[in-house]
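S.K.: Have a peek at work_29.txt (compact mmCIF, C-alpha atoms).
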# COMPACT_ATOMS: atom_id res chain seq x y z
CA MET X 81 18.68 32.41 0.46
CA PRO X 82 15.86 30.53 2.27
CA LYS X 83 13.14 29.03 0.10
CA SER X 84 9.62 30.42 0.21
CA LEU X 85 6.69 28.22 1.20
CA LEU X 86 5.58 27.92 -2.42
CA GLN X 87 9.10 26.94 -3.52
CA LYS X 88 9.17 24.20 -0.90
CA TRP X 89 5.77 22.93 -2.05
CA LYS X 90 6.95 23.02 -5.66
CA GLU X 91 10.01 20.92 -4.80
CA ILE X 92 7.83 18.30 -3.15
CA LEU X 93 5.25 18.27 -5.93
CA SER X 94 7.86 18.05 -8.69
CA ILE X 95 8.77 14.60 -7.33
CA ALA X 96 5.36 13.69 -5.95
CA TRP X 97 3.00 14.35 -8.85
CA PRO X 98 4.15 11.36 -10.94
CA LEU X 99 3.92 9.17 -7.82
CA ILE X 100 0.43 10.53 -7.15
CA ILE X 101 -0.60 9.58 -10.67
CA ALA X 102 1.09 6.18 -10.37
CA ASN X 103 -0.64 5.51 -7.05
CA GLY X 104 -3.85 6.75 -8.64
CA PHE X 105 -3.45 4.08 -11.32
CA TRP X 106 -3.14 1.48 -8.57
CA ASN X 107 -6.27 2.85 -6.91
CA ILE X 108 -8.12 2.78 -10.23
CA GLN X 109 -6.96 -0.81 -10.64
CA LEU X 110 -8.39 -1.74 -7.23
CA THR X 111 -11.59 0.17 -7.97
CA ILE X 112 -12.03 -1.61 -11.31
CA ASP X 113 -11.60 -4.93 -9.50
CA ARG X 114 -14.23 -3.98 -6.92
CA VAL X 115 -16.69 -2.56 -9.47
CA PHE X 116 -16.43 -5.65 -11.68
CA LEU X 117 -16.73 -7.93 -8.67
CA GLY X 118 -19.68 -5.91 -7.36
CA SER X 119 -21.38 -6.41 -10.72
CA HIS X 120 -20.61 -10.11 -10.53
CA ALA X 121 -21.89 -10.63 -6.95
CA THR X 122 -22.10 -8.43 -3.84
CA GLU X 123 -20.71 -11.34 -1.78
CA SER X 124 -17.51 -11.12 -3.86
CA LEU X 125 -16.89 -7.62 -2.52
CA GLY X 126 -16.72 -8.82 1.06
CA ALA X 127 -14.60 -11.83 0.15
CA ALA X 128 -12.18 -9.68 -1.86
CA MET X 129 -11.72 -7.26 1.02
CA ALA X 130 -11.08 -10.03 3.53
CA VAL X 131 -8.58 -11.72 1.21
CA MET X 132 -6.68 -8.52 0.49
CA GLY X 133 -6.25 -8.02 4.21
CA VAL X 134 -4.84 -11.54 4.62
CA PHE X 135 -2.80 -11.42 1.40
CA TRP X 136 -1.34 -8.01 2.19
CA THR X 137 0.30 -9.16 5.43
CA PRO X 138 3.03 -11.36 3.85
CA MET X 139 2.93 -9.36 0.60
CA ALA X 140 3.69 -6.10 2.39
CA LEU X 141 6.69 -7.68 4.09
CA LEU X 142 8.09 -8.74 0.72
CA GLN X 143 7.07 -5.71 -1.33
CA GLN X 144 8.10 -3.02 1.14
CA THR X 145 11.42 -4.71 1.90
CA ALA X 146 12.16 -4.72 -1.83
CA CYS X 147 10.85 -1.15 -2.11
CA TYR X 148 13.36 0.02 0.50
CA CYS X 149 15.68 0.16 -2.47
CA THR X 150 14.32 3.73 -2.66
CA THR X 151 16.17 4.81 0.48
CA PHE X 152 19.44 3.14 -0.49
CA VAL X 153 19.35 4.73 -3.94
CA ALA X 154 18.37 8.16 -2.55
CA GLN X 155 21.14 8.23 0.05
CA TYR X 156 23.80 6.94 -2.37
CA PHE X 157 22.63 9.51 -4.92
CA GLY X 158 22.76 12.32 -2.37
CA ALA X 159 26.23 11.20 -1.29
CA LYS X 160 27.33 11.08 -4.98
CA GLU X 161 28.22 7.37 -4.74
CA ASN X 162 26.33 6.44 -7.91
CA GLN X 163 28.43 3.36 -8.64
CA LYS X 164 26.84 1.61 -5.64
CA ILE X 165 23.24 2.13 -6.77
CA GLY X 166 23.09 -0.86 -9.14
CA ALA X 167 24.10 -3.27 -6.39
CA SER X 168 21.28 -1.95 -4.19
CA LEU X 169 18.78 -2.69 -6.95
CA TRP X 170 20.08 -6.22 -7.51
CA HIS X 171 19.78 -7.11 -3.84
CA ALA X 172 16.19 -5.89 -3.83
CA LEU X 173 15.53 -8.15 -6.82
CA TYR X 174 17.11 -11.16 -5.09
CA ILE X 175 14.79 -10.59 -2.14
CA SER X 176 11.85 -10.33 -4.56
CA ILE X 177 12.64 -13.61 -6.31
CA ILE X 178 13.21 -15.62 -3.13
CA GLY X 179 10.12 -14.22 -1.44
CA GLY X 180 7.97 -14.63 -4.53
CA ILE X 181 8.80 -18.33 -4.82
CA LEU X 182 8.15 -18.93 -1.11
CA PHE X 183 4.81 -17.16 -1.48
CA LEU X 184 3.46 -19.93 -3.72
CA PHE X 185 3.56 -22.42 -0.85
CA LEU X 186 0.81 -20.44 0.90
CA MET X 187 -1.63 -21.78 -1.70
CA PHE X 188 -1.53 -25.21 -0.05
CA ILE X 189 -2.81 -23.95 3.29
CA SER X 190 -5.29 -21.28 2.14
CA PRO X 191 -8.44 -23.52 2.15
CA TYR X 192 -7.79 -24.59 5.74
CA PHE X 193 -6.99 -21.04 6.81
CA PHE X 194 -10.17 -19.49 5.42
CA LYS X 195 -12.22 -22.34 6.86
CA TRP X 196 -10.68 -21.58 10.25
CA ILE X 197 -11.62 -17.90 9.93
CA GLY X 198 -15.24 -18.95 10.08
CA HIS X 199 -16.98 -16.75 7.53
CA SER X 200 -20.06 -18.11 5.78
CA PRO X 201 -19.43 -21.17 3.54
CA ILE X 202 -20.07 -19.19 0.34
CA ILE X 203 -17.57 -16.52 1.37
CA GLN X 204 -14.97 -19.16 2.36
CA GLY X 205 -14.89 -20.65 -1.14
CA LEU X 206 -14.58 -17.24 -2.77
CA GLU X 207 -11.79 -16.24 -0.38
CA SER X 208 -9.68 -19.31 -1.04
CA ASN X 209 -10.01 -19.05 -4.83
CA TYR X 210 -9.13 -15.36 -4.86
CA PHE X 211 -6.15 -15.75 -2.52
CA ASN X 212 -4.61 -18.58 -4.57
CA ALA X 213 -4.95 -16.59 -7.78
CA LEU X 214 -3.28 -13.57 -6.15
CA CYS X 215 -0.30 -15.64 -4.96
CA TYR X 216 1.06 -15.68 -8.52
CA SER X 217 1.37 -11.88 -8.36
CA ALA X 218 3.80 -11.80 -5.40
CA LEU X 219 7.07 -12.20 -7.30
CA PRO X 220 6.41 -9.65 -10.08
CA THR X 221 4.82 -7.18 -7.64
CA ALA X 222 7.97 -7.19 -5.51
CA MET X 223 10.12 -6.74 -8.62
CA VAL X 224 7.97 -3.77 -9.65
CA ALA X 225 8.54 -2.29 -6.18
CA ALA X 226 12.30 -2.64 -6.64
CA PHE X 227 12.28 -1.15 -10.14
CA SER X 228 10.03 1.72 -9.04
CA GLY X 229 12.25 2.26 -5.99
CA PHE X 230 15.27 2.67 -8.25
CA PHE X 231 13.68 5.49 -10.24
CA THR X 232 12.01 7.05 -7.21
CA GLY X 233 15.25 7.21 -5.24
CA LEU X 234 16.86 9.06 -8.13
CA GLY X 235 13.95 11.50 -8.23
CA LYS X 236 12.99 10.28 -11.74
CA THR X 237 9.45 9.57 -10.71
CA ARG X 238 7.84 10.19 -14.11
CA VAL X 239 9.10 6.79 -15.23
CA VAL X 240 7.03 5.15 -12.48
CA ILE X 241 3.88 6.39 -14.23
CA LEU X 242 4.67 4.29 -17.29
CA ILE X 243 5.38 1.19 -15.19
CA ASN X 244 2.08 1.49 -13.32
CA ALA X 245 0.05 2.54 -16.36
CA SER X 246 1.04 -0.64 -18.21
CA GLY X 247 -0.19 -2.72 -15.26
CA LEU X 248 -3.44 -0.77 -15.02
CA LEU X 249 -4.25 -1.32 -18.68
CA ALA X 250 -3.44 -5.03 -18.52
CA ASN X 251 -5.47 -5.45 -15.32
CA ALA X 252 -8.55 -3.75 -16.75
CA ILE X 253 -8.47 -5.88 -19.89
CA PHE X 254 -7.95 -9.19 -18.10
CA ASP X 255 -10.47 -8.32 -15.35
CA TYR X 256 -13.12 -8.02 -18.04
CA LEU X 257 -12.01 -11.18 -19.82
CA LEU X 258 -11.44 -13.46 -16.82
CA ILE X 259 -14.15 -12.39 -14.35
CA PHE X 260 -17.00 -12.56 -16.86
CA GLY X 261 -15.53 -14.99 -19.42
CA LYS X 262 -15.51 -12.73 -22.48
CA LEU X 263 -14.03 -13.37 -25.95
CA GLY X 264 -13.81 -17.11 -25.38
CA PHE X 265 -12.08 -16.98 -21.99
CA THR X 266 -13.39 -19.02 -19.07
CA ALA X 267 -15.45 -17.06 -16.52
CA TYR X 268 -13.43 -17.42 -13.30
CA GLY X 269 -15.41 -14.92 -11.24
CA ILE X 270 -13.48 -13.65 -8.24
CA ALA X 271 -10.48 -15.84 -9.09
CA GLY X 272 -10.37 -14.08 -12.46
CA ALA X 273 -9.71 -10.80 -10.65
CA GLY X 274 -6.72 -12.43 -8.95
CA TYR X 275 -5.35 -13.85 -12.19
CA ALA X 276 -5.79 -10.46 -13.86
CA THR X 277 -3.79 -8.82 -11.07
CA SER X 278 -1.00 -11.38 -11.50
CA ILE X 279 -0.80 -10.93 -15.26
CA ALA X 280 -0.79 -7.15 -14.85
CA ALA X 281 2.10 -7.37 -12.36
CA TYR X 282 4.20 -9.35 -14.85
CA VAL X 283 3.48 -6.75 -17.52
CA SER X 284 4.62 -3.93 -15.19
CA ALA X 285 7.75 -5.86 -14.20
CA PHE X 286 8.68 -6.39 -17.84
CA VAL X 287 8.25 -2.69 -18.62
CA GLY X 288 10.33 -1.75 -15.56
CA ALA X 289 13.17 -4.06 -16.58
CA VAL X 290 13.23 -2.68 -20.13
CA LEU X 291 13.44 0.88 -18.82
CA ILE X 292 16.28 0.15 -16.38
CA TYR X 293 18.63 -2.23 -18.15
CA ASN X 294 20.23 -0.04 -20.80
CA GLU X 295 23.73 1.23 -21.44
CA LYS X 296 23.08 4.71 -20.05
CA ASN X 297 22.01 3.37 -16.64
CA GLU X 298 24.87 0.89 -16.72
CA SER X 299 27.43 3.65 -17.22
CA LEU X 300 25.88 5.84 -14.51
CA TYR X 301 24.78 3.31 -11.89
CA CYS X 302 26.28 -0.12 -12.81
CA VAL X 303 22.82 -1.70 -13.15
CA LYS X 304 24.13 -4.66 -15.14
CA SER X 305 27.59 -5.30 -13.79
CA ALA X 306 26.90 -4.99 -10.04
CA TRP X 307 24.84 -8.20 -9.87
CA ARG X 308 27.04 -10.11 -7.45
CA PRO X 309 25.43 -10.54 -4.00
CA THR X 310 27.38 -9.32 -0.99
CA ARG X 311 26.99 -10.12 2.68
CA ASP X 312 27.20 -6.43 3.64
CA LEU X 313 24.29 -5.29 1.46
CA PHE X 314 22.09 -8.21 2.46
CA TYR X 315 22.83 -7.39 6.09
CA ARG X 316 21.85 -3.75 5.63
CA TYR X 317 18.68 -4.72 3.75
CA PHE X 318 17.70 -6.95 6.65
CA ARG X 319 18.74 -4.33 9.21
CA PHE X 320 16.85 -1.43 7.63
CA GLY X 321 14.65 -2.78 4.83
CA LEU X 322 13.14 -5.71 6.72
CA PRO X 323 11.79 -3.54 9.58
CA SER X 324 10.36 -1.20 6.94
CA GLY X 325 8.54 -4.13 5.40
CA LEU X 326 7.51 -5.34 8.84
CA GLN X 327 5.72 -2.06 9.49
CA TRP X 328 3.40 -2.68 6.57
CA ALA X 329 3.08 -6.39 7.30
CA LEU X 330 2.22 -5.85 10.96
CA GLU X 331 -0.35 -3.20 10.10
CA GLY X 332 -1.70 -5.57 7.46
CA LEU X 333 -1.91 -8.35 10.04
CA ALA X 334 -3.81 -6.12 12.44
CA PHE X 335 -6.18 -5.04 9.70
CA SER X 336 -6.67 -8.67 8.61
CA VAL X 337 -7.70 -9.62 12.13
CA PHE X 338 -9.94 -6.54 12.16
CA LEU X 339 -11.71 -7.79 9.02
CA ILE X 340 -11.90 -11.36 10.29
CA LEU X 341 -13.66 -10.13 13.41
CA MET X 342 -15.97 -8.02 11.28
CA GLY X 343 -16.97 -11.06 9.24
CA ARG X 344 -18.10 -12.72 12.47
CA PHE X 345 -20.51 -9.92 13.39
CA GLN X 346 -24.22 -10.65 13.37
CA ASN X 347 -24.41 -8.96 9.97
CA GLY X 348 -20.96 -10.15 8.85
CA ASP X 349 -21.59 -10.27 5.09
CA ALA X 350 -22.96 -6.71 5.07
CA ALA X 351 -20.15 -5.46 7.33
CA LEU X 352 -17.50 -6.94 5.03
CA ALA X 353 -19.10 -5.64 1.84
CA SER X 354 -19.56 -2.17 3.36
CA SER X 355 -15.98 -2.08 4.58
CA SER X 356 -14.74 -3.18 1.16
CA ILE X 357 -16.51 -0.25 -0.46
CA VAL X 358 -15.29 2.21 2.17
CA VAL X 359 -11.66 1.06 1.99
CA THR X 360 -11.73 1.29 -1.81
CA VAL X 361 -13.11 4.83 -1.65
CA MET X 362 -10.72 5.76 1.19
CA MET X 363 -7.79 5.10 -1.12
CA ILE X 364 -8.82 8.18 -3.11
CA ALA X 365 -7.60 10.20 -0.14
CA ILE X 366 -4.73 7.98 0.97
CA LEU X 367 -2.87 7.05 -2.21
CA PRO X 368 -2.23 10.58 -3.54
CA ALA X 369 -1.12 11.58 -0.03
CA MET X 370 1.13 8.54 -0.05
CA GLY X 371 2.71 9.83 -3.27
CA ILE X 372 3.59 13.03 -1.43
CA ALA X 373 4.98 10.98 1.48
CA GLN X 374 7.11 8.96 -0.94
CA ALA X 375 8.54 12.22 -2.27
CA VAL X 376 9.33 13.22 1.32
CA MET X 377 11.12 9.91 1.81
CA VAL X 378 13.24 10.55 -1.30
CA LEU X 379 14.19 14.09 -0.28
CA VAL X 380 14.98 13.02 3.28
CA GLY X 381 17.25 10.28 1.95
CA GLN X 382 18.98 12.56 -0.54
CA HIS X 383 19.48 15.41 1.94
CA LEU X 384 20.81 13.08 4.64
CA GLY X 385 23.18 11.63 2.02
CA GLU X 386 24.33 15.22 1.47
CA LYS X 387 24.65 15.67 5.27
CA LYS X 388 21.96 18.39 5.28
CA PRO X 389 19.36 17.26 7.84
CA GLU X 390 17.83 20.74 8.09
CA LEU X 391 16.70 20.47 4.46
CA ALA X 392 15.30 17.01 5.16
CA GLU X 393 13.21 18.44 8.00
CA GLU X 394 11.89 21.26 5.81
CA ALA X 395 10.87 18.79 3.10
CA SER X 396 8.99 16.67 5.65
CA TRP X 397 6.87 19.56 6.91
CA SER X 398 6.21 20.71 3.36
CA GLY X 399 4.82 17.26 2.64
CA VAL X 400 2.53 17.48 5.66
CA GLN X 401 1.20 20.85 4.50
CA VAL X 402 0.52 19.83 0.91
CA SER X 403 -1.17 16.53 1.74
CA SER X 404 -3.29 18.17 4.47
CA ILE X 405 -4.88 20.47 1.91
CA TYR X 406 -5.68 17.60 -0.45
CA ILE X 407 -7.01 15.24 2.21
CA ALA X 408 -9.30 17.92 3.65
CA CYS X 409 -10.95 18.44 0.25
CA VAL X 410 -11.52 14.72 -0.33
CA ALA X 411 -12.73 14.13 3.23
CA LEU X 412 -15.35 16.84 2.72
CA SER X 413 -16.69 14.96 -0.31
CA PHE X 414 -17.08 11.82 1.81
CA LEU X 415 -19.40 13.76 4.08
CA LEU X 416 -21.34 15.63 1.43
CA ILE X 417 -21.81 13.10 -1.41
CA PRO X 418 -21.56 9.53 -0.04
CA GLU X 419 -24.28 8.43 -2.49
CA PHE X 420 -21.95 9.26 -5.38
CA TYR X 421 -19.40 6.74 -4.16
CA LEU X 422 -22.06 4.14 -3.35
CA SER X 423 -23.39 4.29 -6.90
CA TRP X 424 -20.16 2.76 -8.20
CA PHE X 425 -20.90 -0.57 -6.52
CA GLN X 426 -24.69 -0.91 -6.76
CA ASN X 427 -25.95 -4.45 -7.31
CA SER X 428 -29.58 -5.60 -7.16
CA GLN X 429 -29.01 -9.37 -7.29
CA ASN X 430 -29.16 -9.62 -3.51
CA LEU X 431 -31.39 -6.64 -2.74
CA GLU X 432 -31.65 -7.31 0.99
CA LEU X 433 -27.87 -7.36 1.39
CA TRP X 434 -27.40 -4.27 -0.76
CA ASN X 435 -29.99 -2.27 1.17
CA GLU X 436 -28.13 -3.02 4.39
CA VAL X 437 -24.81 -2.07 2.80
CA LYS X 438 -26.03 1.29 1.48
CA THR X 439 -27.30 2.16 4.96
CA ILE X 440 -23.95 1.41 6.61
CA VAL X 441 -21.53 2.98 4.12
CA PRO X 442 -22.33 6.71 4.65
CA TYR X 443 -21.66 6.37 8.39
CA LEU X 444 -18.35 4.60 7.77
CA LEU X 445 -17.32 7.30 5.31
CA ALA X 446 -17.88 9.85 8.08
CA TYR X 447 -15.35 7.98 10.23
CA VAL X 448 -12.92 7.97 7.29
CA ALA X 449 -13.39 11.70 6.74
CA PHE X 450 -12.33 12.23 10.37
CA PHE X 451 -9.29 10.01 10.70
CA THR X 452 -7.79 10.65 7.27
CA SER X 453 -7.25 14.25 8.38
CA PHE X 454 -4.51 12.84 10.64
CA ASP X 455 -2.93 10.83 7.82
CA SER X 456 -0.96 13.83 6.58
CA LEU X 457 1.10 13.44 9.76
CA ASN X 458 0.91 9.67 9.78
CA LEU X 459 2.14 9.16 6.24
CA ASN X 460 4.66 11.96 5.78
CA LEU X 461 6.42 11.62 9.12
CA SER X 462 6.57 7.81 9.03
CA PHE X 463 8.00 7.95 5.50
CA ALA X 464 10.49 10.61 6.62
CA LEU X 465 11.64 8.32 9.43
CA ARG X 466 11.97 5.43 6.98
CA GLY X 467 13.95 7.63 4.59
CA ALA X 468 16.42 8.29 7.40
CA GLY X 469 16.71 4.63 8.40
CA ASP X 470 14.62 4.80 11.60
CA THR X 471 12.72 1.70 10.52
CA ARG X 472 12.97 -0.25 13.77
CA PHE X 473 10.93 2.36 15.60
CA VAL X 474 8.32 2.47 12.83
CA SER X 475 7.92 -1.30 12.88
CA LEU X 476 7.72 -1.31 16.70
CA VAL X 477 4.79 1.11 16.55
CA ALA X 478 3.04 -1.17 14.04
CA LEU X 479 3.66 -4.17 16.32
CA ILE X 480 2.30 -2.63 19.52
CA VAL X 481 -0.22 0.14 18.84
CA PRO X 482 -3.04 -1.46 16.76
CA TRP X 483 -3.87 -4.27 19.19
CA PRO X 484 -4.95 -2.41 22.35
CA LEU X 485 -6.55 0.45 20.41
CA MET X 486 -8.31 -1.30 17.50
CA ILE X 487 -8.26 -5.10 17.64
CA MET X 488 -9.11 -5.86 21.25
CA PRO X 489 -11.89 -3.26 21.51
CA THR X 490 -13.40 -4.57 18.26
CA TYR X 491 -13.33 -8.11 19.66
CA LEU X 492 -14.91 -7.05 22.92
CA THR X 493 -17.75 -5.22 21.17
CA SER X 494 -18.29 -7.77 18.37
CA HIS X 495 -21.58 -8.94 19.91
CA PHE X 496 -23.04 -5.42 19.92
CA GLU X 497 -25.94 -4.75 17.60
CA LYS X 498 -24.07 -1.87 15.89
CA ALA X 499 -20.65 -3.54 16.09
CA VAL X 500 -19.50 -2.34 12.66
CA TYR X 501 -19.75 1.29 13.78
CA TRP X 502 -17.87 0.60 17.00
CA ALA X 503 -15.16 -1.19 14.99
CA TRP X 504 -14.53 1.78 12.72
CA ALA X 505 -14.51 4.13 15.70
CA PHE X 506 -11.68 2.07 17.20
CA ALA X 507 -9.89 2.10 13.82
CA SER X 508 -10.11 5.89 13.96
CA LEU X 509 -8.59 5.89 17.45
CA PHE X 510 -5.69 3.81 16.21
CA ILE X 511 -4.94 6.08 13.23
CA VAL X 512 -5.03 9.25 15.35
CA SER X 513 -2.82 7.76 18.07
CA GLN X 514 -0.29 6.49 15.56
CA ALA X 515 -0.03 9.93 13.96
CA ILE X 516 0.71 11.51 17.36
CA ILE X 517 3.42 8.92 18.08
CA PHE X 518 5.18 9.54 14.76
CA TRP X 519 4.99 13.29 15.32
CA ARG X 520 6.66 12.96 18.73
CA ARG X 521 9.41 10.77 17.29
CA PHE X 522 10.04 13.13 14.39
CA VAL X 523 10.29 16.31 16.44
CA GLY X 524 12.67 14.48 18.81
CA GLY X 525 15.24 14.66 15.98
CA LYS X 526 17.12 11.39 16.54
CA TRP X 527 16.58 10.46 12.90
CA LYS X 528 18.76 13.39 11.72
CA SER X 529 21.96 11.52 12.59
CA MET X 530 20.96 8.22 10.96
CA SER X 531 22.18 6.69 7.67
CA VAL X 532 21.70 3.35 5.87
CA ILE X 533 24.84 3.67 3.69
CA SER X 534 27.58 4.48 6.21
Can the structure from this file be put into structure tokens for me?

M.R.:
Amino acid sequence: MPKSLLQKWKEILSIAWPLIIANGFWNIQLTIDRVFLGSHATESLGAAMAVMGVFWTPMALLQQTACYCTTFVAQYFGAKENQKIGASLWHALYISIIGGILFLFLMFISPYFFKWIGHSPIIQGLESNYFNALCYSALPTAMVAAFSGFFTGLGKTRVVILINASGLLANAIFDYLLIFGKLGFTAYGIAGAGYATSIAAYVSAFVGAVLIYNEKNESLYCVKSAWRPTRDLFYRYFRFGLPSGLQWALEGLAFSVFLILMGRFQNGDAALASSSIVVTVMMIAILPAMGIAQAVMVLVGQHLGEKKPELAEEASWSGVQVSSIYIACVALSFLLIPEFYLSWFQNSQNLELWNEVKTIVPYLLAYVAFFTSFDSLNLNLSFALRGAGDTRFVSLVALIVPWPLMIMPTYLTSHFEKAVYWAWAFASLFIVSQAIIFWRRFVGGKWKSMSVIS
């Protein structure tokens, strides 16, 4: 008997709601960082945003490659080959450890890199300090992605809430202690936010490990005994998981260049601070929708493992429908109450800079309200393709599309008086175009015959 529309939505939401909450914790964590940093200095907001763009490029490659454990687990689970799930997790952890160690070497070149970017001298120093502090978070963040991917692939997404909640609590506490120097701790300012993020990631990784490595999971999925690395699994992680990570890394690279160009505008400090606020607020719309897209990825993987592509397609469209409703409501709030969001970040230490920022932000939120309406397609269909194993196409889109539609036009208009508005218009063009491309690929149906486990 075919499922009703409400039954399909319920199936998606039963997996998605814990992921929405978990992603919400991550968004709250970012917001706490930005609010504390805004209270510390408005300049720190711009520096933090620029650094996160740069940091996210290599971090996304590592984290999302490790996180592709979700698809392996989902497809093995759907195919009822549970004994192979533990090995998938271990290979994700090996990638996390190797990548996390290599990440630390970036600390040696960060001062030269941020000097080359050419932001104001004050911003350069803040950027380098924050980036170096964040580098310590790479290894545990990737491990958290692998642990979360294990539970998500099984559909046990409620456990992910606990993993993320532990990190949120630790981050909030150490943000307060290390940014402002409370209770006898040294006041590290913006670097303190980076150290707090790193400590929080280790806390989450510890909680994830405790929840996974027990006798029940060993008997069901061989999470302890299947630790030996194999050439075949590493090959498949690099064949499917690496392009998945590349998608995020390439988009992160494009966005980093976008922010670098923005920092070179005539009003670069105000443009960076405004964009930092807008991106932080934008996550209120994006991260819950991403939780729905992650649920789509799980169901696509499980249904393809069961050899039922028609159910995978139904789940994908259900995800688009549910996230569209949510995003529309949030986008409306961006248009109607931008002052509410601005009030979170108000700082009067540099009144001239803040006055410029509060003029820019409502216009940028209007752009966000427009292009996020296309993210229900963008997120759900790209995650569906990843859940099937169509990761090469997804990464190819991320490699090609942002540059002619967002980066080059932003560069060519960077000398305009209102360059920040032009830049976000081009960002909107990129998001809309990407959504259309993923839609065309999805309806083409090639993904229905794909598999990462066969």

S.K.: If you take all atoms listed in the file and a cut-off of 8 Å, which residues of stretch 280-380 of chain X touch stretch 217-224 of chain X, and what are their nearest atom pairs and distances in Å to one decimal, in chain and number order, as JSON lines?

M.R.:
{"residue": "X:Ala281", "atom": "CA", "partner": "X:Pro220", "partner_atom": "CA", "distance": 5.4}
{"residue": "X:Tyr282", "atom": "CA", "partner": "X:Pro220", "partner_atom": "CA", "distance": 5.3}
{"residue": "X:Ser284", "atom": "CA", "partner": "X:Val224", "partner_atom": "CA", "distance": 6.5}
{"residue": "X:Ala285", "atom": "CA", "partner": "X:Val224", "partner_atom": "CA", "distance": 5.0}
{"residue": "X:Gly288", "atom": "CA", "partner": "X:Val224", "partner_atom": "CA", "distance": 6.7}

S.K.: Nearest to X:Ile357 among X:Ile177, X:Met530, X:Ala127, X:Leu431, with distances taken over all atoms listed in the file: which residue is it?

M.R.: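 Comparing X:Ile177, X:Met530, X:Ala127, X:Leu431 against X:Ile357, the winner is X:Ala127.
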
S.K.: Just checking: using only C-alpha atoms, which residue out of X:Tyr406, X:Phe338, X:Trp424, X:Phe414 ends up closest to X:Pro482?

M.R.: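 Of X:Tyr406, X:Phe338, X:Trp424, X:Phe414, the one nearest X:Pro482 is X:Phe338, counting only C-alpha atoms.
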
S.K.: For a test of reading the model, state the distance in Å between atom CA of X:Ile516 and atom CA of X:Ser94, rounded to one decimal.

M.R.: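 Atom CA of X:Ser94 lies 27.8 Å from atom CA of X:Ile516.
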
S.K.: Contacts of X:Ala252 at 9 Å or less, counting only C-alpha atoms, minus same-chain residues fewer than 2 places along, as JSON, numbers by chain?

M.R.: {"X": [109, 112, 113, 247, 248, 249, 250, 254, 255, 256, 257, 276, 277, 280]}

S.K.: I'd like to know which of X:Leu169, X:Leu422, X:Val361, X:Leu492 is closest to X:Leu234, using all atoms listed in the file.

M.R.: X:Leu169

S.K.: Between stretch 336-447 of chain X and stretch 497-500 of chain X, at 12 Å or less, what are the per-residue closest atom pairs and their distances in Å? Count all atoms listed in the file, order by chain and rising residue number, and return it as CSV.

M.R.:
residue,atom,partner,partner_atom,distance
X:Phe338,CA,X:Val500,CA,10.5
X:Leu339,CA,X:Val500,CA,10.2
X:Leu341,CA,X:Val500,CA,9.8
X:Met342,CA,X:Val500,CA,6.8
X:Gly343,CA,X:Val500,CA,9.7
X:Arg344,CA,X:Ala499,CA,10.2
X:Phe345,CA,X:Ala499,CA,6.9
X:Gln346,CA,X:Glu497,CA,7.5
X:Asn347,CA,X:Val500,CA,8.7
X:Gly348,CA,X:Val500,CA,8.8
X:Asp349,CA,X:Val500,CA,11.2
X:Ala350,CA,X:Val500,CA,9.4
X:Ala351,CA,X:Val500,CA,6.2
X:Leu352,CA,X:Val500,CA,9.1
X:Ala353,CA,X:Val500,CA,11.3
X:Ser354,CA,X:Val500,CA,9.3
X:Ser355,CA,X:Val500,CA,8.8
X:Glu436,CA,X:Val500,CA,12.0
X:Val437,CA,X:Val500,CA,11.2
X:Thr439,CA,X:Val500,CA,11.8
X:Ile440,CA,X:Val500,CA,8.4
X:Val441,CA,X:Val500,CA,10.3
X:Tyr443,CA,X:Val500,CA,9.9
X:Leu444,CA,X:Val500,CA,8.6
X:Tyr447,CA,X:Val500,CA,11.4

S.K.: Between X:Leu206, X:Leu173, X:Leu333, X:Leu182, which has the minimum distance to X:Trp307 (counting all atoms listed in the file)?

M.R.: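 The answer is X:Leu173, which sits nearest to X:Trp307.
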
S.K.: Nearest to X:Leu457 among X:Ile253, X:Cys149, X:Met370, X:Leu479, with distances taken over only C-alpha atoms: which residue is it?

M.R.: X:Met370

S.K.: Which residue out of X:Val481, X:Ile533, X:Ala289, X:Ile165 has the minimum interatomic distance to X:Val303 when all atoms listed in the file are used?

M.R.: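 Among the listed residues, X:Ile165 lies closest to X:Val303.
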
S.K.: Distance atom CA of X:Val410-atom CA of X:Leu461, one decimal place?

M.R.: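 These atoms are spaced 20.5 Å apart.
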
S.K.: How far is it from atom CA of X:Leu379 to atom CA of X:Ala478, in Å with one decimal?

M.R.: 23.7 Å

S.K.: Draw an axis-aligned box over all listed atoms of stretch 196-212 of chain X, pad each side with 8 Å, and write its centre and edge lengths in Å, one decimal, as lines of an AutoDock Vina configuration file.

M.R.:
center_x = -12.3
center_y = -18.5
center_z = 2.7
size_x = 31.5
size_y = 22.2
size_z = 31.1

S.K.: Can you tell me which residues surround stretch 322-325 of chain X at a distance of at most 7 Å, considering only C-alpha atoms, apart from same-chain residues fewer than 5 positions away, and format the answer as an NGL selection string?

M.R.: :X and (140-142 or 144-145 or 317 or 466 or 471-472 or 475)

S.K.: How would the residues just picked look written out with C-alpha atoms as a compact mmCIF listing (two decimals), keeping the file's coordinate frame?

M.R.:
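In the end it all went to result.txt:
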# COMPACT_ATOMS: atom_id res chain seq x y z
CA ALA X 140 3.69 -6.10 2.39
CA LEU X 141 6.69 -7.68 4.09
CA LEU X 142 8.09 -8.74 0.72
CA GLN X 144 8.10 -3.02 1.14
CA THR X 145 11.42 -4.71 1.90
CA TYR X 317 18.68 -4.72 3.75
CA ARG X 466 11.97 5.43 6.98
CA THR X 471 12.72 1.70 10.52
CA ARG X 472 12.97 -0.25 13.77
CA SER X 475 7.92 -1.30 12.88
